[in-house]
file start_16.pdb (PDB, C-alpha atoms, pLDDT in the B column)
ATOM      1  CA  MET A   1      80.529 159.921-213.424  1.00 51.00           C
ATOM      2  CA  ILE A   2      78.801 163.110-212.309  1.00 56.00           C
ATOM      3  CA  PRO A   3      80.743 166.286-213.195  1.00 53.00           C
ATOM      4  CA  VAL A   4      81.788 168.716-210.460  1.00 57.00           C
ATOM      5  CA  ILE A   5      80.184 172.151-210.588  1.00 52.00           C
ATOM      6  CA  ARG A   6      82.844 174.885-210.406  1.00 59.00           C
ATOM      7  CA  ARG A   7      82.584 178.646-210.573  1.00 57.00           C
ATOM      8  CA  ARG A   8      84.990 180.497-212.878  1.00 59.00           C
ATOM      9  CA  GLN A   9      87.128 183.161-211.288  1.00 66.00           C
ATOM     10  CA  GLY A  10      86.108 186.688-212.236  1.00 67.00           C
ATOM     11  CA  ALA A  11      82.675 185.577-213.476  1.00 61.00           C
ATOM     12  CA  THR A  12      79.699 187.829-212.844  1.00 68.00           C
ATOM     13  CA  PRO A  13      76.662 186.401-211.039  1.00 65.00           C
ATOM     14  CA  PHE A  14      74.939 186.205-214.437  1.00 66.00           C
ATOM     15  CA  ASP A  15      77.871 184.210-215.885  1.00 70.00           C
ATOM     16  CA  ALA A  16      77.756 181.973-212.833  1.00 68.00           C
ATOM     17  CA  LEU A  17      74.087 181.175-213.502  1.00 69.00           C
ATOM     18  CA  TRP A  18      74.876 180.138-217.073  1.00 69.00           C
ATOM     19  CA  ASP A  19      77.787 178.009-215.843  1.00 72.00           C
ATOM     20  CA  ILE A  20      75.515 176.298-213.337  1.00 74.00           C
ATOM     21  CA  ARG A  21      72.886 175.719-216.025  1.00 72.00           C
ATOM     22  CA  ARG A  22      75.499 174.211-218.401  1.00 73.00           C
ATOM     23  CA  ASP A  23      76.873 172.019-215.610  1.00 71.00           C
ATOM     24  CA  MET A  24      73.372 170.858-214.613  1.00 70.00           C
ATOM     25  CA  ASP A  25      72.615 169.996-218.248  1.00 68.00           C
ATOM     26  CA  ARG A  26      75.818 167.966-218.280  1.00 66.00           C
ATOM     27  CA  VAL A  27      74.741 166.165-215.076  1.00 64.00           C
ATOM     28  CA  PHE A  28      71.369 165.210-216.570  1.00 61.00           C
ATOM     29  CA  ASP A  29      73.012 164.142-219.826  1.00 58.00           C
ATOM     30  CA  THR A  30      75.113 161.638-217.887  1.00 54.00           C
ATOM     31  CA  LEU A  31      72.088 160.101-216.174  1.00 54.00           C
ATOM     32  CA  SER A  32      70.242 157.476-218.145  1.00 48.00           C
ATOM     33  CA  VAL A  33      67.309 155.215-217.469  1.00 47.00           C
ATOM     34  CA  PRO A  34      67.958 151.555-218.280  1.00 46.00           C
ATOM     35  CA  SER A  35      65.795 150.204-221.104  1.00 43.00           C
ATOM     36  CA  ASP A  36      64.339 147.515-218.812  1.00 43.00           C
ATOM     37  CA  ALA A  37      63.189 150.019-216.180  1.00 44.00           C
ATOM     38  CA  VAL A  38      59.721 149.551-214.724  1.00 46.00           C
ATOM     39  CA  SER A  39      57.548 152.590-215.252  1.00 54.00           C
ATOM     40  CA  THR A  40      54.379 153.626-213.482  1.00 73.00           C
ATOM     41  CA  LEU A  41      51.171 153.652-215.488  1.00 84.00           C
ATOM     42  CA  PRO A  42      48.621 156.381-214.677  1.00 90.00           C
ATOM     43  CA  ALA A  43      45.432 154.725-213.432  1.00 93.00           C
ATOM     44  CA  GLU A  44      41.958 155.412-212.091  1.00 94.00           C
ATOM     45  CA  VAL A  45      40.027 152.902-209.972  1.00 94.00           C
ATOM     46  CA  LEU A  46      36.271 153.274-209.558  1.00 93.00           C
ATOM     47  CA  GLU A  47      33.973 151.121-207.444  1.00 90.00           C
ATOM     48  CA  THR A  48      30.263 150.922-208.244  1.00 89.00           C
ATOM     49  CA  ASP A  49      27.494 148.831-206.709  1.00 85.00           C
ATOM     50  CA  SER A  50      28.072 146.093-209.288  1.00 89.00           C
ATOM     51  CA  ASP A  51      31.808 146.152-210.125  1.00 91.00           C
ATOM     52  CA  VAL A  52      35.302 147.565-209.664  1.00 93.00           C
ATOM     53  CA  ARG A  53      36.657 149.341-212.760  1.00 95.00           C
ATOM     54  CA  PHE A  54      40.236 150.180-213.685  1.00 95.00           C
ATOM     55  CA  MET A  55      41.172 152.721-216.373  1.00 96.00           C
ATOM     56  CA  ILE A  56      44.899 152.589-217.134  1.00 95.00           C
ATOM     57  CA  GLU A  57      46.670 154.815-219.659  1.00 94.00           C
ATOM     58  CA  ILE A  58      48.968 152.865-221.988  1.00 92.00           C
ATOM     59  CA  PRO A  59      49.250 154.957-225.156  1.00 90.00           C
ATOM     60  CA  GLY A  60      50.801 153.675-228.373  1.00 86.00           C
ATOM     61  CA  MET A  61      50.299 149.963-227.714  1.00 89.00           C
ATOM     62  CA  LYS A  62      48.401 147.161-229.394  1.00 92.00           C
ATOM     63  CA  PRO A  63      46.119 145.016-227.205  1.00 93.00           C
ATOM     64  CA  GLU A  64      48.129 141.888-228.047  1.00 93.00           C
ATOM     65  CA  ASP A  65      51.291 143.543-226.636  1.00 93.00           C
ATOM     66  CA  ILE A  66      49.711 144.094-223.204  1.00 95.00           C
ATOM     67  CA  GLU A  67      49.648 141.268-220.656  1.00 95.00           C
ATOM     68  CA  LEU A  68      46.923 141.163-218.012  1.00 95.00           C
ATOM     69  CA  THR A  69      47.099 138.571-215.222  1.00 94.00           C
ATOM     70  CA  VAL A  70      45.341 137.825-211.939  1.00 93.00           C
ATOM     71  CA  GLU A  71      47.204 135.707-209.406  1.00 92.00           C
ATOM     72  CA  ASN A  72      46.735 135.461-205.627  1.00 89.00           C
ATOM     73  CA  ASN A  73      44.217 138.306-205.718  1.00 87.00           C
ATOM     74  CA  VAL A  74      46.681 140.652-207.474  1.00 92.00           C
ATOM     75  CA  LEU A  75      45.863 142.191-210.865  1.00 93.00           C
ATOM     76  CA  THR A  76      49.001 142.915-212.923  1.00 94.00           C
ATOM     77  CA  VAL A  77      49.251 144.856-216.184  1.00 95.00           C
ATOM     78  CA  SER A  78      52.585 144.566-217.983  1.00 93.00           C
ATOM     79  CA  GLY A  79      54.218 144.756-221.383  1.00 92.00           C
ATOM     80  CA  GLU A  80      56.935 146.460-223.330  1.00 89.00           C
ATOM     81  CA  LYS A  81      56.781 149.500-225.540  1.00 85.00           C
ATOM     82  CA  ARG A  82      59.513 149.118-228.120  1.00 81.00           C
ATOM     83  CA  TRP A  83      61.335 151.878-229.927  1.00 74.00           C
ATOM     84  CA  GLN A  84      60.317 151.968-233.583  1.00 67.00           C
ATOM     85  CA  LYS A  85      62.605 153.574-236.115  1.00 62.00           C
ATOM     86  CA  GLU A  86      60.664 155.904-238.367  1.00 63.00           C
ATOM     87  CA  GLU A  87      60.933 154.984-242.022  1.00 60.00           C
ATOM     88  CA  GLY A  88      62.125 157.733-244.359  1.00 59.00           C
ATOM     89  CA  ARG A  89      63.369 159.895-241.518  1.00 61.00           C
ATOM     90  CA  SER A  90      66.411 161.974-242.396  1.00 62.00           C
ATOM     91  CA  GLU A  91      69.488 161.978-240.204  1.00 64.00           C
ATOM     92  CA  GLY A  92      69.338 164.121-237.107  1.00 68.00           C
ATOM     93  CA  ASP A  93      69.254 164.168-233.335  1.00 72.00           C
ATOM     94  CA  TYR A  94      66.226 164.547-231.116  1.00 70.00           C
ATOM     95  CA  HIS A  95      66.117 167.759-229.106  1.00 75.00           C
ATOM     96  CA  LEU A  96      63.333 166.466-226.872  1.00 75.00           C
ATOM     97  CA  LEU A  97      62.108 162.915-226.291  1.00 69.00           C
ATOM     98  CA  GLU A  98      59.484 162.605-223.530  1.00 71.00           C
ATOM     99  CA  ARG A  99      57.710 159.451-224.619  1.00 73.00           C
ATOM    100  CA  ARG A 100      58.723 156.411-222.589  1.00 75.00           C
ATOM    101  CA  TYR A 101      59.939 153.161-224.056  1.00 78.00           C
ATOM    102  CA  GLY A 102      60.810 149.891-222.374  1.00 84.00           C
ATOM    103  CA  LYS A 103      59.131 147.445-220.036  1.00 89.00           C
ATOM    104  CA  PHE A 104      56.277 148.518-217.807  1.00 90.00           C
ATOM    105  CA  SER A 105      54.312 146.884-215.024  1.00 91.00           C
ATOM    106  CA  ARG A 106      51.635 147.935-212.550  1.00 92.00           C
ATOM    107  CA  SER A 107      49.988 145.742-209.908  1.00 93.00           C
ATOM    108  CA  PHE A 108      46.838 146.238-207.850  1.00 92.00           C
ATOM    109  CA  THR A 109      45.640 144.209-204.870  1.00 91.00           C
ATOM    110  CA  LEU A 110      42.022 143.303-205.542  1.00 90.00           C
ATOM    111  CA  PRO A 111      39.303 143.546-202.906  1.00 85.00           C
ATOM    112  CA  GLN A 112      38.102 140.140-201.686  1.00 82.00           C
ATOM    113  CA  ARG A 113      34.576 140.954-202.820  1.00 86.00           C
ATOM    114  CA  VAL A 114      35.243 140.765-206.595  1.00 89.00           C
ATOM    115  CA  ASP A 115      34.843 137.783-208.893  1.00 88.00           C
ATOM    116  CA  ALA A 116      38.268 137.610-210.581  1.00 86.00           C
ATOM    117  CA  SER A 117      37.126 134.708-212.777  1.00 87.00           C
ATOM    118  CA  ALA A 118      34.704 137.034-214.634  1.00 91.00           C
ATOM    119  CA  ILE A 119      37.184 139.792-215.507  1.00 93.00           C
ATOM    120  CA  ASP A 120      36.516 141.791-218.684  1.00 95.00           C
ATOM    121  CA  ALA A 121      39.101 144.006-220.418  1.00 96.00           C
ATOM    122  CA  MET A 122      38.994 146.355-223.401  1.00 96.00           C
ATOM    123  CA  TYR A 123      41.672 148.616-224.917  1.00 96.00           C
ATOM    124  CA  GLU A 124      40.579 151.732-226.771  1.00 95.00           C
ATOM    125  CA  GLN A 125      42.350 154.986-227.694  1.00 94.00           C
ATOM    126  CA  GLY A 126      45.324 154.311-225.410  1.00 93.00           C
ATOM    127  CA  VAL A 127      43.272 153.395-222.336  1.00 95.00           C
ATOM    128  CA  LEU A 128      42.969 149.862-220.942  1.00 96.00           C
ATOM    129  CA  MET A 129      39.562 149.459-219.268  1.00 96.00           C
ATOM    130  CA  ILE A 130      39.160 146.522-216.885  1.00 96.00           C
ATOM    131  CA  SER A 131      35.956 145.532-215.139  1.00 95.00           C
ATOM    132  CA  LEU A 132      35.744 143.029-212.287  1.00 93.00           C
ATOM    133  CA  PRO A 133      32.172 142.242-211.214  1.00 93.00           C
ATOM    134  CA  LYS A 134      31.481 142.033-207.514  1.00 88.00           C
ATOM    135  CA  ALA A 135      30.618 138.653-206.073  1.00 84.00           C
ATOM    136  CA  GLU A 136      26.877 138.307-205.466  1.00 78.00           C
ATOM    137  CA  GLU A 137      27.292 138.256-201.676  1.00 75.00           C
ATOM    138  CA  ALA A 138      29.207 141.572-201.856  1.00 65.00           C
ATOM    139  CA  LYS A 139      26.565 143.459-203.845  1.00 69.00           C
ATOM    140  CA  PRO A 140      24.293 145.729-201.829  1.00 74.00           C
ATOM    141  CA  ARG A 141      20.827 144.320-201.296  1.00 77.00           C
ATOM    142  CA  ARG A 142      17.647 145.681-199.822  1.00 82.00           C
ATOM    143  CA  ILE A 143      16.509 144.096-196.581  1.00 81.00           C
ATOM    144  CA  GLU A 144      12.780 143.725-196.029  1.00 83.00           C
ATOM    145  CA  ILE A 145      11.577 145.055-192.695  1.00 80.00           C
ATOM    146  CA  ARG A 146       8.613 143.190-191.248  1.00 74.00           C
ATOM    147  CA  SER A 147       5.996 144.643-188.924  1.00 73.00           C
ATOM    148  CA  SER A 148       4.128 142.724-186.261  1.00 69.00           C
ATOM    149  CA  GLY A 149       1.221 145.183-186.354  1.00 67.00           C
ATOM    150  CA  ASP A 150      -0.329 143.954-183.107  1.00 61.00           C
ATOM    151  CA  GLY A 151       2.535 144.592-180.662  1.00 62.00           C
ATOM    152  CA  ARG A 152       3.776 140.992-180.627  1.00 62.00           C
ATOM    153  CA  GLN A 153       7.485 140.334-180.298  1.00 64.00           C
ATOM    154  CA  LEU A 154       9.278 139.869-183.618  1.00 58.00           C
ATOM    155  CA  GLU A 155      10.384 136.304-184.259  1.00 62.00           C
ATOM    156  CA  PRO A 156      13.030 135.272-186.816  1.00 61.00           C
ATOM    157  CA  LYS A 157      11.776 133.781-190.083  1.00 59.00           C
TER     158      LYS A 157
END
call {"tool": "encode", "arguments": {"input": "start_16.pdb", "output": "structure tokens"}}
result
Amino acid sequence: MIPVIRRRQGATPFDALWDIRRDMDRVFDTLSVPSDAVSTLPAEVLETDSDVRFMIEIPGMKPEDIELTVENNVLTVSGEKRWQKEEGRSEGDYHLLERRYGKFSRSFTLPQRVDASAIDAMYEQGVLMISLPKAEEAKPRRIEIRSSGDGRQLEPK
């Protein structure tokens, strides 16, 4: 239930600001994110002449806890970051907790011109790097231009 914001009678504008702040804090304290919520992973996608590269930030994970799948031309990165109780920690409450825990998933539609069977992935320093080579027919190639030299009409090879 979200609390109602009320102004005290006889309060100064300054008091009213503090009341609003306290009430807003109470509102945010009542909101919670379910532990199985899907979170967005920050990503960069780069296309070169030879491949398409993904760099996805997933800090605090082990490679074996990250699942990478390709199905119907969709690349999906998923997993779960579990809360770990710190050993030897004394009793107390957190004042700020900005790290995210729970399940995560991010999907990307792949361009038709990549070879999904030759995918390569590496996880280092909290970044998952994925490389998908382009199919040979999709790679740029230089086209030879012939010259007739004597003014004859050009005929196909």
call {"tool": "resolve_selection", "arguments": {"input": "start_16.pdb", "expression": "the PyMOL selection byres ((chain A and resi 74) around 12)", "output": "JSON list (two decimals) with C-alpha atoms, in the coordinates of the input"}}
result
[["chain", "number", "residue", "atom", "x", "y", "z"],
["A", 68, "LEU", "CA", 46.92, 141.16, -218.01],
["A", 69, "THR", "CA", 47.10, 138.57, -215.22],
["A", 70, "VAL", "CA", 45.34, 137.82, -211.94],
["A", 71, "GLU", "CA", 47.20, 135.71, -209.41],
["A", 72, "ASN", "CA", 46.74, 135.46, -205.63],
["A", 73, "ASN", "CA", 44.22, 138.31, -205.72],
["A", 75, "LEU", "CA", 45.86, 142.19, -210.86],
["A", 76, "THR", "CA", 49.00, 142.92, -212.92],
["A", 77, "VAL", "CA", 49.25, 144.86, -216.18],
["A", 106, "ARG", "CA", 51.64, 147.94, -212.55],
["A", 107, "SER", "CA", 49.99, 145.74, -209.91],
["A", 108, "PHE", "CA", 46.84, 146.24, -207.85],
["A", 109, "THR", "CA", 45.64, 144.21, -204.87],
["A", 110, "LEU", "CA", 42.02, 143.30, -205.54],
["A", 111, "PRO", "CA", 39.30, 143.55, -202.91],
["A", 112, "GLN", "CA", 38.10, 140.14, -201.69],
["A", 114, "VAL", "CA", 35.24, 140.76, -206.60],
["A", 116, "ALA", "CA", 38.27, 137.61, -210.58]]
call {"tool": "atom_distance", "arguments": {"input": "start_16.pdb", "atom1": "CA of Ile58 (chain A)", "atom2": "CA of Asp120 (chain A)"}}
result
17.0 Å
call {"tool": "closest_residue", "arguments": {"input": "start_16.pdb", "among": "A:Leu41, A:Arg100, A:Ile145, A:Ala135", "to": "Asp115 (chain A)", "atoms": "all atoms listed in the file"}}
result
A:Ala135
call {"tool": "closest_residue", "arguments": {"input": "start_16.pdb", "among": "A:Ser105, A:Glu136, A:Glu44, A:Ser117", "to": "Ile66 (chain A)", "atoms": "all atoms listed in the file"}}
result
A:Ser105
